[in-house]
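For reference, the structure is listed below as structure tokens.
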Amino acid sequence: MKHPKKENSILCDCAQHVNYPLAGNLAIPFNTSLPHTLLKRATMKLTFLGTGDVRQVPVFGCNCRACNTARQNPALRRRPCSALLTTTYGKLLLDGGIIDLAERFQPGELSAILLTHYHVDHVQGLFHLRWGIGEKIPVYGPEDTQGCADLTKHPGILDFQTPLEPFKPFYLGDLKITPVPLIHSKPTLGYLFESEQRQLAYLTDTVGLPEATTAFLQRHTELEIIIDCSEPPQPSPPRNHNDLNSVLHIHQTLQPKALWLTHLNHKMDEWLLDNDLPEGLYVAQDGLEV
Ligand SMILES: [Zn+2]
Ligand SMILES: [Zn+2]
Ligand SMILES: [Zn+2]
């Protein structure tokens, strides 16, 4: 879906879309506006805190167009992949790779932390947060005997729960959470969050999806997806993360109501400077709410 963009904005003029003004003067070169029907879901809102890969955007020392654009316009930066899910139960942090967690959140503000896996860019912020004082924060995640350094050995205020089992749902308040296995170089879980109004799947990091995960998600007709799209289209699928071709295949198989790309690297951003996405696919940005 193409929309005319207003000068100095990412915005389209379509009355059906809510627009996201940006700091600075540069336009985000692709469409991040969302269908109005997907907004204002009071019972479950997801805020992207970080949408980058392990290198983040801009990449240190890189002078590609995407990195230079992000240096000029901080709204285009991509921090480590992470999100905040606001529900009737409370605020759930999805992954802890953002390094200034202790400044972003007040004591008691986070009801729980859910980890997809123990790669550094998904847990590095917890190494500082754990030495805080006060109420413990429950942390849920996959079984991983190696974990990341001494995080689970010396958890501080982080209260690591029994590792989650794939396809065994649990509830936080009336929010249903089902962990689903993903395909990655470390044990990794995606999550399907279900409230009365929404079925939101958070699927990163992964390359493709296991058959069982695909079959499980196919049974959900109101599905919205947030998914790893680290790389622009490649001749063959990357080893550890989706490229856009893998995401398009998943989109076609699951036919979600909407799909947002996250965990983008700078090359994917550069590709987006020259190309549009098919209808129903959106690019996440740090700070975007869906
Ligand atoms: Zn990652
Ligand atoms: Zn670059
Ligand atoms: Zn990873």
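Letters A, B, ... go to the chains of the structure tokens in the order shown; residues in each chain start at 1; ligands are counted from 1 in the same order.
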**Request:** Please provide the set of residues having any atom within 8 Å of A:Tyr89, restricted to only C-alpha atoms, with same-chain residues fewer than 4 positions apart removed, written as a PyMOL selection string.
**Result:** chain A and resi 111+172-175
**Test item: residues no farther than 6 Å from ligand 2, counting only C-alpha atoms and all ligand atoms, as number ranges by chain** = A: 58-59, 62-64, 66-67, 266
Step by step, measure atom-to-atom distances between ligand 3 and each residue using only C-alpha atoms and all ligand atoms, keep those at most 10 Å, then write them as a PDB file with N, CA and C atoms, in the first residue's frame.
```
ATOM      1  N   ASP A  53      19.494  -5.160  15.425  1.00  0.00           N
ATOM      2  CA  ASP A  53      20.170  -6.430  15.674  1.00  0.00           C
ATOM      3  C   ASP A  53      21.316  -6.168  16.659  1.00  0.00           C
ATOM      4  N   VAL A  54      22.205  -7.136  16.788  1.00  0.00           N
ATOM      5  CA  VAL A  54      23.260  -7.041  17.801  1.00  0.00           C
ATOM      6  C   VAL A  54      24.188  -5.836  17.533  1.00  0.00           C
ATOM      7  N   CYS A  81      17.079  -5.287  20.366  1.00  0.00           N
ATOM      8  CA  CYS A  81      15.686  -5.696  20.169  1.00  0.00           C
ATOM      9  C   CYS A  81      14.985  -5.988  21.501  1.00  0.00           C
ATOM     10  N   THR A 116      13.413 -14.068  25.506  1.00  0.00           N
ATOM     11  CA  THR A 116      13.319 -15.002  24.376  1.00  0.00           C
ATOM     12  C   THR A 116      14.494 -15.978  24.407  1.00  0.00           C
ATOM     13  N   HIS A 117      15.685 -15.448  24.747  1.00  0.00           N
ATOM     14  CA  HIS A 117      16.886 -16.291  24.827  1.00  0.00           C
ATOM     15  C   HIS A 117      18.005 -15.494  25.475  1.00  0.00           C
ATOM     16  N   TYR A 118      19.144 -16.170  25.684  1.00  0.00           N
ATOM     17  CA  TYR A 118      20.210 -15.594  26.492  1.00  0.00           C
ATOM     18  C   TYR A 118      21.377 -15.048  25.658  1.00  0.00           C
ATOM     19  N   HIS A 119      21.159 -14.665  24.407  1.00  0.00           N
ATOM     20  CA  HIS A 119      22.206 -13.935  23.689  1.00  0.00           C
ATOM     21  C   HIS A 119      22.384 -12.561  24.333  1.00  0.00           C
ATOM     22  N   VAL A 120      23.619 -12.069  24.276  1.00  0.00           N
ATOM     23  CA  VAL A 120      23.980 -10.849  25.000  1.00  0.00           C
ATOM     24  C   VAL A 120      23.071  -9.665  24.655  1.00  0.00           C
ATOM     25  N   ASP A 121      22.742  -9.508  23.370  1.00  0.00           N
ATOM     26  CA  ASP A 121      21.953  -8.315  22.991  1.00  0.00           C
ATOM     27  C   ASP A 121      20.512  -8.400  23.490  1.00  0.00           C
ATOM     28  N   HIS A 122      20.141  -9.535  24.105  1.00  0.00           N
ATOM     29  CA  HIS A 122      18.786  -9.666  24.651  1.00  0.00           C
ATOM     30  C   HIS A 122      18.763  -9.664  26.180  1.00  0.00           C
ATOM     31  N   ILE A 183      13.766 -21.071  15.807  1.00  0.00           N
ATOM     32  CA  ILE A 183      14.972 -21.719  15.263  1.00  0.00           C
ATOM     33  C   ILE A 183      16.125 -20.718  15.319  1.00  0.00           C
ATOM     34  N   HIS A 184      17.070 -20.973  16.221  1.00  0.00           N
ATOM     35  CA  HIS A 184      18.149 -20.018  16.458  1.00  0.00           C
ATOM     36  C   HIS A 184      19.345 -20.769  17.031  1.00  0.00           C
ATOM     37  N   SER A 185      20.473 -20.094  17.188  1.00  0.00           N
ATOM     38  CA  SER A 185      21.689 -20.790  17.641  1.00  0.00           C
ATOM     39  C   SER A 185      21.725 -21.033  19.142  1.00  0.00           C
ATOM     40  N   LYS A 186      20.750 -20.543  19.866  1.00  0.00           N
ATOM     41  CA  LYS A 186      20.596 -20.806  21.286  1.00  0.00           C
ATOM     42  C   LYS A 186      19.139 -21.218  21.516  1.00  0.00           C
ATOM     43  N   PRO A 187      18.836 -21.946  22.605  1.00  0.00           N
ATOM     44  CA  PRO A 187      17.423 -22.257  22.865  1.00  0.00           C
ATOM     45  C   PRO A 187      16.614 -20.967  22.932  1.00  0.00           C
ATOM     46  N   THR A 188      15.581 -20.863  22.118  1.00  0.00           N
ATOM     47  CA  THR A 188      14.859 -19.590  21.977  1.00  0.00           C
ATOM     48  C   THR A 188      13.358 -19.831  21.925  1.00  0.00           C
ATOM     49  N   THR A 204      11.154 -13.563  17.880  1.00  0.00           N
ATOM     50  CA  THR A 204      12.541 -13.217  17.595  1.00  0.00           C
ATOM     51  C   THR A 204      13.409 -13.782  18.710  1.00  0.00           C
ATOM     52  N   ASP A 205      14.619 -14.309  18.415  1.00  0.00           N
ATOM     53  CA  ASP A 205      15.286 -14.369  17.127  1.00  0.00           C
ATOM     54  C   ASP A 205      14.960 -15.723  16.479  1.00  0.00           C
ATOM     55  N   THR A 206      14.891 -15.703  15.148  1.00  0.00           N
ATOM     56  CA  THR A 206      14.580 -16.965  14.466  1.00  0.00           C
ATOM     57  C   THR A 206      14.922 -16.896  12.976  1.00  0.00           C
ATOM     58  N   ASP A 228      11.457 -11.268  13.693  1.00  0.00           N
ATOM     59  CA  ASP A 228      12.851 -11.046  13.292  1.00  0.00           C
ATOM     60  C   ASP A 228      12.926 -10.920  11.765  1.00  0.00           C
ATOM     61  N   ASN A 240      20.897 -17.909  10.891  1.00  0.00           N
ATOM     62  CA  ASN A 240      20.418 -17.711  12.256  1.00  0.00           C
ATOM     63  C   ASN A 240      19.255 -16.732  12.399  1.00  0.00           C
ATOM     64  N   HIS A 241      19.022 -15.953  11.359  1.00  0.00           N
ATOM     65  CA  HIS A 241      17.981 -14.918  11.403  1.00  0.00           C
ATOM     66  C   HIS A 241      17.221 -14.908  10.080  1.00  0.00           C
ATOM     67  N   HIS A 263      14.253  -6.350  14.805  1.00  0.00           N
ATOM     68  CA  HIS A 263      15.608  -6.924  14.795  1.00  0.00           C
ATOM     69  C   HIS A 263      16.289  -6.636  13.450  1.00  0.00           C
TER      70      HIS A 263
END
```
**Item:** Distance of atom CA of A:Leu182 from atom CA of A:Pro210, expressed in Å to one decimal place
**Value:**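 It comes out at 6.3 Å.
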**Prompt:** Can you tell me how far atom CA of A:Thr43 sits from atom CA of A:Thr88, in Å to one decimal?
**Reply:** 5.8 Å
**Option closest in space to A:Met268, from A:Val207, A:Leu244, A:Leu288, A:Leu76 [counting only C-alpha atoms]** =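 For A:Met268, the nearest of the given residues is A:Leu244.
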**Message:** Just to confirm, what's the straight-line distance from atom CA of A:Pro163 to atom CA of A:Leu126 in Å (one decimal)?
**Reply:** 17.2 Å
**Request:** Pick out the residues sitting within 7 Å of A:Val123, and hand them over as a VMD selection string; count only C-alpha atoms, and ignore anything fewer than 5 positions along from it in its own chain.
**Result:** chain A and resid 95 to 97 118
Written selection (N, CA and C atoms) as a compact mmCIF listing (two decimals), in the first residue's frame:
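For reference, result_11.txt as written:
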```
# COMPACT_ATOMS: atom_id res chain seq x y z
N ASP A 95 12.51 -9.10 26.75
CA ASP A 95 13.97 -9.07 26.61
C ASP A 95 14.59 -7.84 27.30
N GLY A 96 15.83 -8.04 27.72
CA GLY A 96 16.49 -7.02 28.54
C GLY A 96 17.79 -6.51 27.93
N GLY A 97 17.82 -6.34 26.63
CA GLY A 97 19.06 -5.90 25.98
C GLY A 97 19.31 -4.40 26.05
N TYR A 118 19.14 -16.17 25.68
CA TYR A 118 20.21 -15.59 26.49
C TYR A 118 21.38 -15.05 25.66
```
**Asked** Closest to ligand 1 among A:Leu192, A:Leu248, A:Leu272, A:Leu203, using only C-alpha atoms and all ligand atoms?
**Response** A:Leu203
**Request:** Name the closest residue to ligand 1 among the candidates A:Ala215, A:Leu209, A:Ala70, A:Ile227; distances are taken between atoms, counting only C-alpha atoms and all ligand atoms.
**Result:**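 Closest to ligand 1, using only C-alpha atoms and all ligand atoms: A:Ile227.
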**Item:** stretch 58-225 of chain A: residues DSSP assigns to strand (DSSP E or B), reported as a PyMOL selection string
**Value:** chain A and resi 78+80+82-87+91-94+110-114+137-140+142+158-160+164+170-172+175-181+189-194+199-203+223-225
Put those residues in a file: N, CA and C atoms, as a compact mmCIF listing (two decimals), in the first residue's frame.
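What landed in part_23.txt:
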```
# COMPACT_ATOMS: atom_id res chain seq x y z
N ARG A 78 18.35 2.31 15.92
CA ARG A 78 17.79 1.03 16.37
C ARG A 78 18.64 0.49 17.50
N PRO A 80 19.06 -2.35 20.90
CA PRO A 80 18.88 -3.81 20.95
C PRO A 80 17.41 -4.21 21.02
N SER A 82 13.93 -5.23 21.77
CA SER A 82 13.23 -5.33 23.05
C SER A 82 11.89 -4.62 22.93
N ALA A 83 10.95 -4.97 23.80
CA ALA A 83 9.64 -4.31 23.75
C ALA A 83 9.01 -4.30 25.14
N LEU A 84 8.04 -3.44 25.30
CA LEU A 84 7.28 -3.36 26.54
C LEU A 84 5.83 -3.65 26.23
N LEU A 85 5.29 -4.68 26.90
CA LEU A 85 3.89 -5.03 26.70
C LEU A 85 3.11 -4.50 27.90
N THR A 86 2.17 -3.59 27.62
CA THR A 86 1.35 -3.03 28.70
C THR A 86 0.01 -3.72 28.68
N THR A 87 -0.34 -4.36 29.79
CA THR A 87 -1.56 -5.17 29.86
C THR A 87 -2.32 -4.81 31.13
N LYS A 91 3.07 -4.08 33.41
CA LYS A 91 4.03 -3.91 32.32
C LYS A 91 4.99 -5.09 32.27
N LEU A 92 5.05 -5.72 31.10
CA LEU A 92 5.95 -6.85 30.90
C LEU A 92 7.06 -6.42 29.95
N LEU A 93 8.30 -6.60 30.39
CA LEU A 93 9.44 -6.28 29.53
C LEU A 93 9.79 -7.52 28.73
N LEU A 94 9.82 -7.38 27.41
CA LEU A 94 10.20 -8.49 26.54
C LEU A 94 11.67 -8.32 26.16
N LEU A 110 7.93 -2.67 36.68
CA LEU A 110 7.86 -3.86 35.82
C LEU A 110 7.24 -5.02 36.59
N SER A 111 6.18 -5.58 36.05
CA SER A 111 5.53 -6.73 36.71
C SER A 111 6.28 -8.02 36.43
N ALA A 112 6.93 -8.10 35.29
CA ALA A 112 7.68 -9.32 34.93
C ALA A 112 8.58 -9.02 33.73
N ILE A 113 9.58 -9.88 33.58
CA ILE A 113 10.44 -9.83 32.40
C ILE A 113 10.34 -11.18 31.70
N LEU A 114 10.11 -11.16 30.38
CA LEU A 114 10.10 -12.39 29.60
C LEU A 114 11.30 -12.37 28.66
N ILE A 137 11.92 -8.97 40.71
CA ILE A 137 11.16 -8.98 39.44
C ILE A 137 11.17 -10.41 38.89
N PRO A 138 9.98 -11.02 38.72
CA PRO A 138 9.95 -12.37 38.13
C PRO A 138 10.48 -12.35 36.69
N VAL A 139 11.33 -13.32 36.38
CA VAL A 139 11.89 -13.42 35.02
C VAL A 139 11.55 -14.79 34.45
N TYR A 140 10.92 -14.81 33.29
CA TYR A 140 10.54 -16.05 32.61
C TYR A 140 11.38 -16.21 31.35
N PRO A 142 13.43 -19.44 28.47
CA PRO A 142 13.60 -20.84 28.07
C PRO A 142 14.61 -21.56 28.95
N LEU A 158 16.61 -10.16 40.37
CA LEU A 158 15.90 -10.89 39.30
C LEU A 158 15.50 -12.26 39.84
N ASP A 159 14.23 -12.56 39.75
CA ASP A 159 13.69 -13.80 40.31
C ASP A 159 13.40 -14.78 39.17
N PHE A 160 14.45 -15.52 38.78
CA PHE A 160 14.30 -16.44 37.64
C PHE A 160 13.33 -17.57 37.99
N LEU A 164 10.41 -22.15 31.04
CA LEU A 164 9.13 -22.40 30.37
C LEU A 164 9.24 -23.57 29.41
N PHE A 170 0.68 -20.22 30.16
CA PHE A 170 0.51 -19.79 31.54
C PHE A 170 -0.18 -18.42 31.52
N TYR A 171 -0.68 -18.02 32.68
CA TYR A 171 -1.45 -16.77 32.75
C TYR A 171 -0.76 -15.78 33.68
N LEU A 172 -0.73 -14.54 33.28
CA LEU A 172 -0.41 -13.43 34.19
C LEU A 172 -1.69 -12.59 34.21
N LEU A 175 -4.11 -12.42 31.10
CA LEU A 175 -3.31 -12.51 29.87
C LEU A 175 -2.78 -13.93 29.72
N LYS A 176 -3.13 -14.55 28.59
CA LYS A 176 -2.64 -15.91 28.31
C LYS A 176 -1.34 -15.82 27.51
N ILE A 177 -0.33 -16.52 27.98
CA ILE A 177 0.98 -16.48 27.30
C ILE A 177 1.38 -17.91 26.94
N THR A 178 1.59 -18.16 25.66
CA THR A 178 2.04 -19.48 25.23
C THR A 178 3.43 -19.37 24.61
N PRO A 179 4.44 -20.01 25.23
CA PRO A 179 5.78 -20.01 24.63
C PRO A 179 5.81 -20.93 23.41
N VAL A 180 6.45 -20.48 22.34
CA VAL A 180 6.57 -21.31 21.13
C VAL A 180 8.04 -21.39 20.72
N PRO A 181 8.51 -22.60 20.35
CA PRO A 181 9.92 -22.73 19.98
C PRO A 181 10.25 -22.01 18.67
N LEU A 189 12.64 -19.00 22.65
CA LEU A 189 11.18 -19.06 22.65
C LEU A 189 10.58 -17.76 22.13
N GLY A 190 9.58 -17.90 21.24
CA GLY A 190 8.71 -16.77 20.96
C GLY A 190 7.52 -16.86 21.91
N TYR A 191 6.66 -15.84 21.86
CA TYR A 191 5.49 -15.85 22.75
C TYR A 191 4.24 -15.45 21.99
N LEU A 192 3.16 -16.16 22.24
CA LEU A 192 1.84 -15.71 21.78
C LEU A 192 1.11 -15.13 22.99
N PHE A 193 0.77 -13.84 22.91
CA PHE A 193 0.02 -13.17 23.97
C PHE A 193 -1.43 -13.07 23.53
N GLU A 194 -2.33 -13.53 24.39
CA GLU A 194 -3.75 -13.48 24.04
C GLU A 194 -4.54 -12.76 25.13
N GLN A 199 -4.47 -11.25 19.56
CA GLN A 199 -3.58 -12.40 19.54
C GLN A 199 -2.28 -11.93 18.92
N LEU A 200 -1.32 -11.64 19.78
CA LEU A 200 -0.09 -10.99 19.33
C LEU A 200 1.09 -11.93 19.53
N ALA A 201 1.77 -12.29 18.43
CA ALA A 201 2.91 -13.20 18.52
C ALA A 201 4.21 -12.42 18.38
N TYR A 202 5.10 -12.63 19.33
CA TYR A 202 6.41 -11.95 19.33
C TYR A 202 7.45 -13.02 19.02
N LEU A 203 8.07 -12.96 17.82
CA LEU A 203 8.86 -14.07 17.31
C LEU A 203 10.25 -13.62 16.89
N LEU A 223 -4.52 -13.29 14.32
CA LEU A 223 -3.10 -13.17 14.61
C LEU A 223 -2.47 -11.87 14.11
N GLU A 224 -1.69 -11.24 14.97
CA GLU A 224 -0.77 -10.15 14.59
C GLU A 224 0.63 -10.63 14.97
N ILE A 225 1.59 -10.32 14.12
CA ILE A 225 2.94 -10.89 14.30
C ILE A 225 4.00 -9.79 14.36
```
**Request:** Write out as a PyMOL selection string all residues of stretch 112-142 of chain A that backbone DSSP assigns to alpha helix (DSSP H).
**Result:** chain A and resi 120-123+126-129
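Of the listed residues (A:Ser236, A:Asp276, A:Arg219, A:Thr213), A:Thr213 comes nearest to A:Ile250; the distances count only C-alpha atoms.
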**Asked** So which one's closest to ligand 1, A:Val283, A:Leu254, A:Cys229, A:Ala149? Using only C-alpha atoms and all ligand atoms, please.
**Response** A:Cys229
